[in-house]
Every structure is written in structure tokens, then in C-alpha cells.
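Shown here: coords07.cif, mmCIF, C-alpha atoms (C1' of nucleotides).
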data_data
loop_
_atom_site.label_atom_id
_atom_site.label_comp_id
_atom_site.auth_asym_id
_atom_site.auth_seq_id
_atom_site.Cartn_x
_atom_site.Cartn_y
_atom_site.Cartn_z
CA MET A 30 -47.16 31.58 30.29
CA THR A 31 -45.53 29.22 27.86
CA SER A 32 -47.72 26.75 26.03
CA LEU A 33 -46.80 23.14 25.47
CA LEU A 34 -46.86 23.60 21.73
CA GLN A 35 -44.50 26.51 21.99
CA ALA A 36 -41.99 24.33 23.81
CA GLU A 37 -42.52 21.48 21.38
CA ILE A 38 -41.51 23.43 18.35
CA LYS A 39 -39.03 25.49 20.36
CA GLN A 40 -40.70 28.73 19.55
CA SER A 41 -39.41 31.60 21.62
CA ARG A 42 -42.28 34.02 21.14
CA PRO A 43 -45.75 33.36 22.52
CA PHE A 44 -48.56 32.97 20.01
CA PRO A 45 -50.15 36.22 18.93
CA SER A 46 -53.66 34.82 19.34
CA ALA A 47 -55.55 31.77 20.49
CA ALA A 48 -56.67 31.25 16.90
CA ALA A 49 -53.07 31.11 15.70
CA GLU A 50 -52.17 28.63 18.41
CA ALA A 51 -55.21 26.47 17.68
CA LEU A 52 -54.38 26.43 13.98
CA LEU A 53 -50.83 25.28 14.59
CA SER A 54 -52.05 22.79 17.21
CA ILE A 55 -54.29 21.12 14.69
CA LEU A 56 -51.61 20.88 12.04
CA ARG A 57 -49.02 19.66 14.52
CA THR A 58 -51.28 17.08 16.14
CA ALA A 59 -52.38 15.70 12.80
CA ALA A 60 -48.76 15.39 11.71
CA VAL A 61 -47.91 13.46 14.87
CA LEU A 62 -50.89 11.15 14.51
CA ASP A 63 -50.43 10.61 10.81
CA HIS A 64 -46.82 9.73 11.34
CA GLU A 65 -47.72 7.21 13.99
CA LEU A 66 -50.43 5.64 11.89
CA ALA A 67 -48.04 5.42 8.95
CA ASP A 68 -45.54 3.64 11.17
CA ALA A 69 -48.15 1.18 12.31
CA LEU A 70 -49.17 0.48 8.72
CA LYS A 71 -45.66 0.20 7.34
CA PRO A 72 -45.16 -3.49 8.22
CA PHE A 73 -48.22 -4.21 6.11
CA GLY A 74 -46.93 -2.33 3.12
CA ILE A 75 -49.64 0.31 2.84
CA THR A 76 -49.90 4.01 3.58
CA PRO A 77 -52.62 5.79 5.55
CA THR A 78 -54.12 7.00 2.27
CA GLN A 79 -54.29 3.50 0.88
CA HIS A 80 -55.77 2.23 4.10
CA ASN A 81 -58.40 4.93 3.84
CA VAL A 82 -59.34 3.75 0.35
CA LEU A 83 -59.66 0.17 1.50
CA ARG A 84 -61.96 1.17 4.33
CA ILE A 85 -64.07 3.21 1.97
CA LEU A 86 -64.42 0.30 -0.43
CA ARG A 87 -65.19 -2.11 2.37
CA GLY A 88 -67.94 0.25 3.45
CA ALA A 89 -69.31 0.29 -0.08
CA GLY A 90 -69.68 -3.48 -0.18
CA GLN A 91 -70.27 -5.52 -3.31
CA GLY A 92 -71.55 -2.57 -5.32
CA GLY A 93 -68.16 -0.91 -5.25
CA LEU A 94 -67.54 2.72 -6.09
CA CYS A 95 -66.17 4.66 -9.01
CA GLY A 96 -63.07 6.80 -8.71
CA ARG A 97 -64.87 10.05 -8.18
CA GLU A 98 -66.95 8.59 -5.37
CA VAL A 99 -63.83 7.30 -3.69
CA ALA A 100 -62.25 10.74 -3.96
CA GLU A 101 -65.28 12.36 -2.31
CA ARG A 102 -65.01 10.09 0.67
CA MET A 103 -61.30 10.49 1.33
CA ILE A 104 -60.05 12.19 4.47
CA ALA A 105 -57.45 14.13 2.54
CA SER A 106 -58.00 14.95 -1.11
CA VAL A 107 -56.14 12.75 -3.56
CA PRO A 108 -55.50 14.42 -6.88
CA ASP A 109 -54.54 11.25 -8.73
CA VAL A 110 -57.15 8.63 -8.04
CA PRO A 111 -56.56 6.46 -11.13
CA ARG A 112 -52.95 5.74 -10.25
CA MET A 113 -53.70 5.30 -6.59
CA LEU A 114 -56.29 2.64 -7.46
CA GLU A 115 -53.90 1.17 -10.00
CA ARG A 116 -51.35 0.59 -7.27
CA LEU A 117 -53.88 -1.04 -4.98
CA GLU A 118 -54.96 -3.25 -7.84
CA ALA A 119 -51.36 -4.25 -8.48
CA MET A 120 -51.24 -5.34 -4.83
CA HIS A 121 -54.43 -7.35 -5.42
CA LEU A 122 -56.19 -5.48 -2.65
CA ILE A 123 -58.88 -4.12 -4.93
CA SER A 124 -60.29 -5.01 -8.33
CA ARG A 125 -61.41 -2.64 -11.05
CA GLU A 126 -63.92 -3.17 -13.77
CA ARG A 127 -65.47 -0.85 -16.28
CA ASP A 128 -69.12 -0.22 -15.63
CA PRO A 129 -71.19 -1.83 -18.43
CA ASP A 130 -73.97 0.72 -18.00
CA ASP A 131 -71.74 3.77 -18.13
CA GLY A 132 -68.46 3.25 -19.89
CA ARG A 133 -66.95 6.31 -18.28
CA HIS A 134 -67.08 4.79 -14.83
CA VAL A 135 -64.63 2.29 -13.50
CA THR A 136 -66.00 0.52 -10.48
CA ALA A 137 -63.51 -0.41 -7.79
CA ARG A 138 -64.21 -3.13 -5.24
CA ILE A 139 -62.25 -4.48 -2.33
CA THR A 140 -60.96 -8.05 -2.76
CA PRO A 141 -60.95 -10.79 -0.11
CA ALA A 142 -57.22 -10.14 0.25
CA GLY A 143 -58.03 -6.48 0.89
CA ARG A 144 -60.58 -7.35 3.55
CA GLN A 145 -58.12 -9.70 5.14
CA LEU A 146 -55.44 -7.04 5.24
CA LEU A 147 -57.87 -4.57 6.80
CA ALA A 148 -58.75 -7.12 9.46
CA LYS A 149 -55.10 -7.59 10.34
CA VAL A 150 -54.33 -3.91 10.33
CA THR A 151 -57.23 -2.61 12.35
CA PRO A 152 -56.05 -3.77 15.79
CA GLU A 153 -52.69 -2.11 15.20
CA LEU A 154 -54.35 1.19 14.44
CA GLU A 155 -56.57 0.86 17.45
CA VAL A 156 -53.46 0.59 19.55
CA VAL A 157 -52.37 4.00 18.33
CA GLN A 158 -55.84 5.44 18.84
CA GLU A 159 -56.07 4.03 22.32
CA ARG A 160 -52.63 5.21 23.32
CA ARG A 161 -53.21 8.74 22.10
CA LEU A 162 -56.88 9.28 22.78
CA GLY A 163 -57.75 6.56 25.28
CA GLN A 164 -57.18 8.65 28.35
CA LEU A 165 -59.25 11.61 27.28
CA SER A 166 -62.63 12.12 28.88
CA LYS A 167 -65.77 11.83 26.84
CA ARG A 168 -66.29 15.51 27.42
CA THR A 169 -62.90 16.49 26.10
CA LEU A 170 -63.39 14.35 23.01
CA THR A 171 -66.76 15.90 22.33
CA GLY A 172 -65.25 19.33 22.69
CA ILE A 173 -62.59 18.51 20.11
CA ILE A 174 -65.07 16.96 17.71
CA GLU A 175 -67.45 19.89 17.87
CA GLY A 176 -64.77 22.53 17.79
CA LEU A 177 -63.13 21.05 14.73
CA ALA A 178 -66.48 20.58 13.03
CA ALA A 179 -67.14 24.28 13.48
CA ILE A 180 -63.81 25.05 11.83
CA ARG A 181 -64.55 22.85 8.84
CA GLU A 182 -68.03 24.28 8.56
CA ALA A 183 -66.90 27.88 8.74
CA ARG A 184 -67.53 29.50 5.51
CA MET B 18 -77.61 10.76 15.22
CA THR B 19 -75.42 11.49 12.28
CA SER B 20 -72.31 13.55 12.81
CA LEU B 21 -71.19 16.26 10.46
CA LEU B 22 -67.96 14.44 9.72
CA GLN B 23 -69.89 11.34 8.82
CA ALA B 24 -71.85 13.28 6.23
CA GLU B 25 -68.72 15.00 4.97
CA ILE B 26 -66.95 11.82 4.05
CA LYS B 27 -70.25 10.12 3.16
CA GLN B 28 -69.75 7.40 5.69
CA SER B 29 -72.88 5.32 6.18
CA ARG B 30 -72.02 3.80 9.54
CA PRO B 31 -71.73 5.86 12.72
CA PHE B 32 -68.34 6.00 14.39
CA PRO B 33 -67.67 3.14 16.78
CA SER B 34 -66.34 5.49 19.45
CA ALA B 35 -65.80 9.13 20.24
CA ALA B 36 -62.07 8.52 20.10
CA ALA B 37 -62.33 7.19 16.56
CA GLU B 38 -64.36 10.18 15.50
CA ALA B 39 -62.00 12.62 17.17
CA LEU B 40 -59.02 10.99 15.47
CA LEU B 41 -60.58 11.30 12.04
CA SER B 42 -61.77 14.82 12.82
CA ILE B 43 -58.25 15.93 13.52
CA LEU B 44 -56.83 14.38 10.36
CA ARG B 45 -59.67 15.72 8.25
CA THR B 46 -59.56 19.24 9.66
CA ALA B 47 -55.81 19.45 9.24
CA ALA B 48 -56.13 18.31 5.62
CA VAL B 49 -58.72 21.01 4.93
CA LEU B 50 -56.64 23.72 6.59
CA ASP B 51 -53.38 22.62 5.01
CA HIS B 52 -54.98 22.63 1.61
CA GLU B 53 -56.31 26.13 2.11
CA LEU B 54 -53.00 27.42 3.37
CA ALA B 55 -51.24 25.82 0.41
CA ASP B 56 -53.66 27.57 -1.92
CA ALA B 57 -53.02 30.89 -0.25
CA LEU B 58 -49.26 30.38 -0.57
CA LYS B 59 -49.29 29.14 -4.14
CA PRO B 60 -49.25 32.58 -5.78
CA PHE B 61 -46.03 33.23 -3.90
CA GLY B 62 -44.37 30.06 -5.09
CA ILE B 63 -43.82 28.38 -1.73
CA THR B 64 -45.38 25.46 0.11
CA PRO B 65 -46.59 25.43 3.74
CA THR B 66 -43.47 23.49 4.67
CA GLN B 67 -41.20 26.08 3.11
CA HIS B 68 -43.15 28.86 4.76
CA ASN B 69 -42.67 27.10 8.05
CA VAL B 70 -38.90 27.03 7.53
CA LEU B 71 -38.82 30.73 6.71
CA ARG B 72 -40.74 31.57 9.86
CA ILE B 73 -38.40 29.44 11.91
CA LEU B 74 -35.36 31.15 10.49
CA ARG B 75 -36.87 34.57 10.95
CA GLY B 76 -37.44 33.66 14.57
CA ALA B 77 -33.81 32.63 14.88
CA GLY B 78 -32.55 36.02 13.71
CA GLN B 79 -28.98 36.75 12.64
CA GLY B 80 -27.54 33.74 14.40
CA GLY B 81 -29.35 31.36 12.08
CA LEU B 82 -29.82 27.68 12.74
CA CYS B 83 -28.27 24.44 11.56
CA GLY B 84 -30.30 21.84 9.72
CA ARG B 85 -31.01 19.69 12.73
CA GLU B 86 -32.31 22.65 14.70
CA VAL B 87 -34.62 23.58 11.87
CA ALA B 88 -35.93 20.03 11.73
CA GLU B 89 -36.68 20.08 15.46
CA ARG B 90 -38.81 23.16 15.10
CA MET B 91 -40.87 22.03 12.16
CA ILE B 92 -44.59 21.43 12.53
CA ALA B 93 -44.41 18.26 10.47
CA SER B 94 -41.20 16.26 10.34
CA VAL B 95 -39.16 16.71 7.19
CA PRO B 96 -36.93 13.76 6.41
CA ASP B 97 -34.78 15.60 3.90
CA VAL B 98 -33.71 18.90 5.39
CA PRO B 99 -30.59 19.44 3.27
CA ARG B 100 -32.48 19.42 0.01
CA MET B 101 -35.34 21.44 1.41
CA LEU B 102 -32.85 24.15 2.43
CA GLU B 103 -31.10 23.78 -0.90
CA ARG B 104 -34.31 24.66 -2.71
CA LEU B 105 -34.94 27.67 -0.52
CA GLU B 106 -31.39 28.81 -1.16
CA ALA B 107 -31.92 28.43 -4.90
CA MET B 108 -34.89 30.79 -4.49
CA HIS B 109 -32.60 33.20 -2.60
CA LEU B 110 -34.91 33.12 0.39
CA ILE B 111 -32.24 31.78 2.72
CA SER B 112 -28.46 31.60 2.73
CA ARG B 113 -26.30 28.75 3.93
CA GLU B 114 -22.79 28.81 5.22
CA ARG B 115 -20.65 26.19 6.81
CA ASP B 116 -19.97 26.87 10.44
CA PRO B 117 -16.25 27.70 10.89
CA ASP B 118 -16.27 26.40 14.46
CA ASP B 119 -17.89 23.07 13.71
CA GLY B 120 -17.46 21.94 10.14
CA ARG B 121 -20.34 19.53 10.42
CA HIS B 122 -22.87 22.28 10.85
CA VAL B 123 -24.30 24.34 8.06
CA THR B 124 -25.93 27.48 9.35
CA ALA B 125 -28.99 28.67 7.50
CA ARG B 126 -30.22 32.25 7.71
CA ILE B 127 -33.16 34.03 6.22
CA THR B 128 -32.29 36.65 3.58
CA PRO B 129 -33.90 40.07 3.18
CA ALA B 130 -35.83 38.62 0.23
CA GLY B 131 -37.07 35.87 2.54
CA ARG B 132 -38.24 38.37 5.14
CA GLN B 133 -39.92 40.39 2.47
CA LEU B 134 -41.76 37.35 1.16
CA LEU B 135 -42.89 36.46 4.67
CA ALA B 136 -44.21 39.96 5.15
CA LYS B 137 -46.23 39.73 1.97
CA VAL B 138 -47.54 36.28 2.71
CA THR B 139 -48.58 36.72 6.31
CA PRO B 140 -51.75 38.73 5.70
CA GLU B 141 -52.97 36.13 3.22
CA LEU B 142 -52.56 33.39 5.77
CA GLU B 143 -54.28 35.46 8.38
CA VAL B 144 -57.27 35.67 6.07
CA VAL B 145 -57.52 31.90 6.12
CA GLN B 146 -57.07 31.77 9.87
CA GLU B 147 -59.66 34.42 10.44
CA ARG B 148 -62.17 32.83 8.12
CA ARG B 149 -61.83 29.40 9.66
CA LEU B 150 -61.19 30.20 13.30
CA GLY B 151 -62.34 33.78 13.68
CA GLN B 152 -65.85 32.98 14.76
CA LEU B 153 -64.91 30.52 17.47
CA SER B 154 -65.19 31.61 21.06
CA LYS B 155 -62.13 31.94 23.21
CA ARG B 156 -63.47 29.06 25.25
CA THR B 157 -63.83 26.76 22.28
CA LEU B 158 -60.33 27.61 21.08
CA THR B 159 -58.87 26.88 24.50
CA GLY B 160 -60.70 23.58 24.57
CA ILE B 161 -59.20 22.58 21.24
CA ILE B 162 -55.72 23.71 22.22
CA GLU B 163 -55.77 21.83 25.50
CA GLY B 164 -57.41 18.73 24.13
CA LEU B 165 -54.92 18.42 21.32
CA ALA B 166 -52.03 19.10 23.67
CA ALA B 167 -53.19 16.18 25.80
CA ILE B 168 -53.19 13.96 22.73
CA ARG B 169 -49.67 14.94 21.77
CA GLU B 170 -48.50 14.51 25.33
CA ALA B 171 -50.09 11.09 25.77
CA ARG B 172 -47.67 8.22 26.23
"C1'" DT C 18 -2.28 10.48 19.48
"C1'" DG C 19 -4.79 7.14 17.18
"C1'" DA C 20 -8.88 4.18 16.97
"C1'" DC C 21 -13.73 4.48 17.51
"C1'" DA C 22 -18.19 6.18 18.07
"C1'" DT C 23 -21.15 10.05 17.21
"C1'" DT C 24 -23.23 13.76 14.88
"C1'" DC C 25 -24.62 16.21 11.06
"C1'" DC C 26 -24.82 16.90 6.24
"C1'" DA C 27 -24.86 15.23 1.43
"C1'" DT C 28 -26.30 12.11 -2.26
"C1'" DG C 29 -28.56 8.22 -4.94
"C1'" DT C 30 -32.64 5.97 -5.77
"C1'" DT C 31 -37.37 4.92 -5.71
"C1'" DA C 32 -41.94 5.93 -5.46
"C1'" DC C 33 -45.43 9.01 -5.07
"C1'" DA C 34 -47.90 13.72 -5.21
"C1'" DA C 35 -49.36 17.46 -7.93
"C1'" DC C 36 -50.66 19.67 -12.06
"C1'" DA C 37 -52.03 20.05 -16.72
"C1'" DC C 38 -53.72 17.91 -20.62
"C1'" DT C 39 -55.89 14.21 -23.46
"C1'" DT C 40 -59.13 10.63 -24.40
"C1'" DA C 41 -63.45 8.19 -24.03
"C1'" DT C 42 -68.16 7.97 -22.99
"C1'" DC C 43 -72.50 9.82 -22.00
"C1'" DT C 44 -76.16 13.68 -22.09
"C1'" DT C 45 -78.65 17.28 -24.06
"C1'" DC C 46 -80.49 20.11 -27.24
"C1'" DC C 47 -81.29 21.63 -31.63
"C1'" DG D 12 -79.67 11.89 -35.38
"C1'" DG D 13 -75.66 14.77 -35.05
"C1'" DA D 14 -72.93 18.30 -32.71
"C1'" DA D 15 -71.72 20.58 -28.40
"C1'" DG D 16 -71.01 20.20 -23.75
"C1'" DA D 17 -70.29 17.68 -19.52
"C1'" DT D 18 -68.23 14.09 -16.88
"C1'" DA D 19 -64.98 10.45 -15.69
"C1'" DA D 20 -60.57 8.21 -16.49
"C1'" DG D 21 -56.18 7.91 -18.13
"C1'" DT D 22 -51.45 9.87 -19.26
"C1'" DG D 23 -47.20 12.73 -19.36
"C1'" DT D 24 -44.23 15.47 -16.83
"C1'" DT D 25 -42.21 17.64 -13.04
"C1'" DG D 26 -40.98 18.08 -8.52
"C1'" DT D 27 -40.65 16.45 -4.10
"C1'" DA D 28 -41.09 13.04 -0.18
"C1'" DA D 29 -39.19 9.00 1.76
"C1'" DC D 30 -35.69 5.85 2.62
"C1'" DA D 31 -31.15 4.14 2.72
"C1'" DT D 32 -26.45 4.95 2.41
"C1'" DG D 33 -22.19 7.28 2.47
"C1'" DG D 34 -18.87 10.71 4.04
"C1'" DA D 35 -16.84 14.47 6.58
"C1'" DA D 36 -15.94 16.64 10.97
"C1'" DT D 37 -15.87 16.37 15.87
"C1'" DG D 38 -15.64 14.33 20.52
"C1'" DT D 39 -14.02 10.53 23.52
"C1'" DC D 40 -11.08 7.46 25.64
"C1'" DA D 41 -7.44 4.33 26.04
#
Translate the structure of the given file into C-alpha cells.
Amino acid sequence: MTSLLQAEIKQSRPFPSAAAEALLSILRTAAVLDHELADALKPFGITPTQHNVLRILRGAGQGGLCGREVAERMIASVPDVPRMLERLEAMHLISRERDPDDGRHVTARITPAGRQLLAKVTPELEVVQERRLGQLSKRTLTGIIEGLAAIREAR
Amino acid sequence: MTSLLQAEIKQSRPFPSAAAEALLSILRTAAVLDHELADALKPFGITPTQHNVLRILRGAGQGGLCGREVAERMIASVPDVPRMLERLEAMHLISRERDPDDGRHVTARITPAGRQLLAKVTPELEVVQERRLGQLSKRTLTGIIEGLAAIREAR
DNA sequence: TGACATTCCATGTTACAACACTTATCTTCC
DNA sequence: GGAAGATAAGTGTTGTAACATGGAATGTCA
């Protein structure tokens, strides 16, 4: 039998194992979704990574977060937090201020403009989510969530 | 109840829906896996994307493939195939030659050095695969594969 | 056969990712 | 209280991704 993924990437040979197919499935699906989310965000001038930062800072509220804390909360690791925040600050979506208590920390906070952008962007992203995942049963979704959690947990 | 993913990215609020959690799970898991694969490949001087190209060309055999065909088979879309192939050629892992029948096409083929590198690299990647996916039951793997296929198929 | 559209590859430019290293501030321990 | 170590940011550099554009070769159709 020929899997869907095999046809998608025009692979002639079947997968050697279910694990190999699952691994590629995850990478492929994420690439498809990420691409679609990036497209949806493009009109607003931000990338999925930047959107992720804004959501994190919105979640943090008035207290804000320092760079390291932002990095910990990111979906995908960002190895250059200072410049990423710098860019968002240049867009006036976040503000940065050195922590008076600990001069090593720079606290980042979302600005009203940042919140406003998030509010505009969210429905567009929900369109993507709904289109791609809306038809899946609760049971299927739970299966995916738990299966992937097991993968991330695995030693 | 607090999900694992929620704790992982230190998110205080629960997910608004299973679809939202599944979406983030996929992106997060792929980021973790991609990072680990990249680490495993680093000693060999290639990226996951380049490894993907080599595997594609190995699959194509002596006939080779033109740039567009390579692009179609990639896991994640690469918007700059010519230069990607150029780099692999500079590493002597592939060869390129203009198709005499159709001067627009440039046929890329894997070189013996490329095959050799693939052979060395494969066991290292299998270590990652085994560590992350080895403990999952066949049933769980199938669930992931089918669930993700449904997402990619949707719409 | 000559104009035109199409397909595929190449190139220029910009911005960002990745990595290594430096600087600044705080903590700890003598 | 001063020096060593730890922690967080910033910076410099390199390479690559992303986007737009251009150009060469082919196919099509009048």
C-alpha cells in the first residue's frame, strides 16, 4: 500500500518503518502549517515567530518578561533574542526597559499597538486552524496531542 | 487539567480548544525533532534540508532530477533551489549538468561522495528516530500518521 | 516562421538565523 | 570588601532564507 505522504513527496519506496513515516509526517505537516500561518500573517508584516513573542508577552501582562523568559516560552528556539526583540521594538509592538532591580535583565512588554495587532491577526489564524483541523474529531485530535507529547517527552 | 505542552512553554492559560492545542503540538514537536536532527547532522557539515536533497537524489538514481522535481519532493518548500544545489555541488556531494535535450533543465545527480556521506549519516539519524519514536506503539504511530495526513489533506 | 506565452534556472538584494564572543551586572565565598 | 564565577544582554560575522526580477530555452499557434 502507498501512503499519502509517500505520494505527496513523490517517494517511490515505501517507508521502512512506521516510526520513519511518523517522523517525516510530523516534519512535513508542520512545514505545511507553518507556511500557511506565515502567509496569513504576511499582510500584517510579522512572522510566526514574532507573533509567538507577542502572544507570550500578552500572556505575561503588565509585568513583562526578560529575554531569557521569552526564549523559554517560544515554540521553536530562537538563538538571537536581543535582535528579535529589537525588531519588534522598532515596529513599536513591544517596549523594552532595563530592570532597575537587576541591571542584567531587560524587561519586554507588549504595547497597545502590539495588542491591537494581535487582535486583528487572531481571526485570520483561526481561519487556518479551522480549515486544517476543524473537521477532525475530538478523538483524533486527542490522539495527535497525546502521541506527540509522548515523542517530546521521550528521553 | 494542565497539559504537558502548556507546562513546556510555560503557558498559564489552558488552550481554548483541542484544535489549538493540536496545532501548537505539531509545530512544537517538529521544532524539537528538527533541532535534534540538525544537531546529529552538524558533525557532517550538512543541514536537514541538504540531507533531504541528498536522499531525494539517491532515490532518483542515475537519471537524476531537475531543480523543479527536487523542489516538489522536499519535505519543506525551498524557495531557492538553484543556490541550494550550488552549495551541495561546491561540497562535491552532487553534480549538475545541463540537459542536452531541454536546455532549460539542469539535471542534478548524487555523487559517490554524496552516497558515502548519506551512508555515514543514516545511523546517526536513526538513533534520534529510535530515541524519540522507538517506544511508541504501532497503534499510536498509525494514529499520528493518519491524523496528520488528514490535516494535510484538509481543504 | 515569427510572435507570444510558458517553464525553468540564475542572480541581486534584503533581512534574518545561527554561532561565537564580549560586555555588564549580580552573587557568592573567602 | 574584593575577586571569581554565574547569568543575561549585546555585538560581530557568516551564511542562508526569502523575495523579486531577469534571462534563456522551449512549446504553441497564427
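The set of residues that the PyMOL selection byres ((chain B and resi 81-89) around 8) takes from this file is Ile38 and Lys39 of chain A; Val70, Ile73, Leu74, Ala77, Gly78, Gln79, Gly80, Arg90, Met91, Ser94, Val95, Val98, Pro99, His122, Val123, Thr124, Ala125, Arg126 and Ile127 of chain B; DC25 of chain C.
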Given the PyMOL selection byres ((chain B) within 6 of (chain A)), the residues it picks as a PyMOL selection string: chain B and resi 26-27+36+39+43-45+47-48+90+92-93+149-150+161-162+168+171
Could you work out which residues of chain C fall inside 12 Å of chain A? Count all atoms listed in the file, and format the result as an mmCIF file with C-alpha atoms (C1' of nucleotides), in the frame of the given file.
data_model
loop_
_atom_site.group_PDB
_atom_site.id
_atom_site.type_symbol
_atom_site.label_atom_id
_atom_site.label_comp_id
_atom_site.auth_asym_id
_atom_site.auth_seq_id
_atom_site.Cartn_x
_atom_site.Cartn_y
_atom_site.Cartn_z
ATOM 1 C "C1'" DA C 32 -41.940 5.930 -5.460
ATOM 2 C "C1'" DC C 33 -45.430 9.010 -5.070
ATOM 3 C "C1'" DA C 34 -47.900 13.720 -5.210
ATOM 4 C "C1'" DA C 35 -49.360 17.460 -7.930
ATOM 5 C "C1'" DC C 36 -50.660 19.670 -12.060
ATOM 6 C "C1'" DA C 37 -52.030 20.050 -16.720
ATOM 7 C "C1'" DT C 40 -59.130 10.630 -24.400
ATOM 8 C "C1'" DA C 41 -63.450 8.190 -24.030
ATOM 9 C "C1'" DT C 42 -68.160 7.970 -22.990
ATOM 10 C "C1'" DC C 43 -72.500 9.820 -22.000
ATOM 11 C "C1'" DT C 44 -76.160 13.680 -22.090
#
Neighbour list for A:Ala142 as number ranges by chain, cut-off 12 Å, all atoms listed in the file, skip fewer than 5 positions in-chain: A: 83, 87, 117-118, 120-124, 147-149
Interface list for chain D, partner chain A, 10 Å threshold, only C-alpha atoms (C1' of nucleotides), as a ChimeraX atom specification: /D:18-21
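Atom pair atom CA of A:Pro72 / atom CA of A:Val150: separated by 9.4 Å.
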Reconstructed N, CA and C atoms for stretch 134-145 of chain B, given as a CSV table (one decimal), in the frame of the given file:
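Saved as part-v5.csv:
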chain,number,residue,atom,x,y,z
B,134,LEU,N,-40.7,38.3,1.6
B,134,LEU,CA,-41.8,37.4,1.2
B,134,LEU,C,-42.7,37.0,2.3
B,135,LEU,N,-42.1,36.8,3.5
B,135,LEU,CA,-42.9,36.5,4.7
B,135,LEU,C,-43.9,37.6,5.0
B,136,ALA,N,-43.4,38.8,4.9
B,136,ALA,CA,-44.2,40.0,5.2
B,136,ALA,C,-45.4,40.0,4.2
B,137,LYS,N,-45.2,39.7,2.9
B,137,LYS,CA,-46.2,39.7,2.0
B,137,LYS,C,-47.2,38.6,2.2
B,138,VAL,N,-46.7,37.5,2.6
B,138,VAL,CA,-47.5,36.3,2.7
B,138,VAL,C,-48.4,36.3,4.0
B,139,THR,N,-47.9,36.8,5.0
B,139,THR,CA,-48.6,36.7,6.3
B,139,THR,C,-50.0,37.2,6.3
B,140,PRO,N,-50.3,38.3,5.7
B,140,PRO,CA,-51.8,38.7,5.7
B,140,PRO,C,-52.7,37.7,5.0
B,141,GLU,N,-52.2,37.1,4.0
B,141,GLU,CA,-53.0,36.1,3.2
B,141,GLU,C,-53.3,34.9,4.1
B,142,LEU,N,-52.3,34.5,4.9
B,142,LEU,CA,-52.6,33.4,5.8
B,142,LEU,C,-53.5,33.8,6.9
B,143,GLU,N,-53.4,35.0,7.3
B,143,GLU,CA,-54.3,35.5,8.4
B,143,GLU,C,-55.7,35.5,7.9
B,144,VAL,N,-55.9,35.7,6.6
B,144,VAL,CA,-57.3,35.7,6.1
B,144,VAL,C,-57.9,34.3,6.3
B,145,VAL,N,-57.1,33.3,6.0
B,145,VAL,CA,-57.5,31.9,6.1
B,145,VAL,C,-57.8,31.6,7.6
